[in-house]
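Down below is the structure, laid out as structure tokens.
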Amino acid sequence: GQQVMQIPQYQHVQEGEDFTTYCNSSTTLSNIQWYKQRPGGHPVFLIQLVKSGEVKKQKRLTFQFGEAKKNSSLHITATQTTDVGTYFCAGPNVLRGNNRLAFGKGNQVVVIP
Amino acid sequence: NAGVTQTPKFQVLKTGQSMTLQCAQDMNHNSMYWYRQDPGMGLRLIYYSASEGTTDKGEVPNGYNVSRLNKREFSLRLESAAPSQTSVYFCASNLDSRYTFGSGTRLTVV
């Protein structure tokens, strides 16, 4: 079946440093989404990428969709303590219809002050 | 503009007890979902409803039932709770592929 894989699963990042988290799909995606879940909270939609090679920025966050539309990345610069949480990527489940997302297992980020 | 509301927020059940988790959205979304989240497992889909009156099984439906009462409400029922159902449960709704999640129900089965 379709798989969405995220690497790494865990990251410890020093405050002020940059980091990147990666997402890979076993199938070509029509779009990819990113969500953030703060500790003890619920996932919150961050962004959706649709076009091949698309790059979008939100302040210190840069999201990229691969040319083949099978991978994506999230790069955060100058990490702050507010960046702590788990970042999920998700893409439409091609086997079950575009209304159902296949989520990766997430990248849990710990920020070291 | 409450979004997706889940009740209760916390619950402790004894093995074999039953309960219903409630979910309601006020965004007029057609699709609604129930997920469970366990450490290291990410979000796993339990059941899904594409529209009022329709439901479909997800990855981990065993031990659960759902009801799509109307467009707003989608409930999840545990008929006979088991310790393996200890988890955090999230309800979500969907518009244009963007999911809006509720704040979750933290369920412990002892």
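Ligands are numbered from 1 in the order shown, residues from 1 within each chain, and chains are lettered A, B, ... in the order they appear in the structure tokens.
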
* To do: When you get a sec, could you note down which chain B residues fall within 12 Å of chain A, using only C-alpha atoms, as a PyMOL selection string?
  => chain B and resi 3-6+9+29-51+56-59+88-106

* Asked: Within 9 Å of B:Glu73, counting only C-alpha atoms, which residues qualify if same-chain residues fewer than 4 places away don't, as a list in words?
  -> Gln22, Cys23, Ala24, Gln25, Met32, Glu52, Ser67, Arg68 and Leu69 of chain B

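The space between atom CA of A:Gly16 and atom CA of A:Phe65 spans 25.0 Å.
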
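Shell of A:Lys69 at 12 Å, with only C-alpha atoms counted and residues fewer than 5 places along the chain excluded, is A:Cys23, A:Asn24, A:Ser25, A:Ser26, A:Thr27, A:Thr28, A:Leu29, A:Ser30, A:Asn31, A:Ile32, A:Gln33, A:Leu49, A:Val50, A:Lys51, A:Ser52, A:Gly53, A:Glu54, A:Gln64, A:Gly91, A:Pro92.
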
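Of the listed residues (A:Gln3, A:Thr77, A:Gln14, A:Gln37), A:Thr77 comes nearest to A:Thr62; the distances count only C-alpha atoms.
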
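The space separating atom CA of B:Phe74 from atom CA of B:Thr86 comes to 20.1 Å.
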
* To do: Tell me which protein, DNA and RNA residues are within 10 Å of A:Ala78, counting only C-alpha atoms, leaving out same-chain ones fewer than 5 positions away, and put them as a list in words.
  => Gln14, Glu15, Gly16, Glu17, Asp18, Phe19, Arg60, Leu61 and Asp83 of chain A

Using only N, CA and C atoms, please write the residues we just selected to a file, as a compact mmCIF listing (two decimals), in the first residue's frame.
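Printed below is out_11.txt as written:
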```txt
# COMPACT_ATOMS: atom_id res chain seq x y z
N GLN A 14 19.66 22.66 18.64
CA GLN A 14 20.08 23.77 19.50
C GLN A 14 19.34 25.03 19.07
N GLU A 15 18.87 25.77 20.04
CA GLU A 15 18.21 27.04 19.74
C GLU A 15 19.13 27.91 18.90
N GLY A 16 18.61 28.49 17.85
CA GLY A 16 19.39 29.35 16.97
C GLY A 16 19.93 28.63 15.73
N GLU A 17 19.96 27.30 15.78
CA GLU A 17 20.46 26.55 14.61
C GLU A 17 19.33 26.29 13.62
N ASP A 18 19.72 25.80 12.43
CA ASP A 18 18.76 25.44 11.41
C ASP A 18 18.59 23.91 11.41
N PHE A 19 17.45 23.45 10.92
CA PHE A 19 17.28 22.01 10.71
C PHE A 19 16.28 21.76 9.58
N ARG A 60 10.27 31.87 9.08
CA ARG A 60 11.50 31.08 9.15
C ARG A 60 11.34 29.67 8.58
N LEU A 61 10.17 29.33 8.12
CA LEU A 61 9.91 27.98 7.60
C LEU A 61 9.89 28.00 6.08
N ASP A 83 9.38 26.37 18.25
CA ASP A 83 9.36 25.39 17.16
C ASP A 83 9.25 23.95 17.67
```
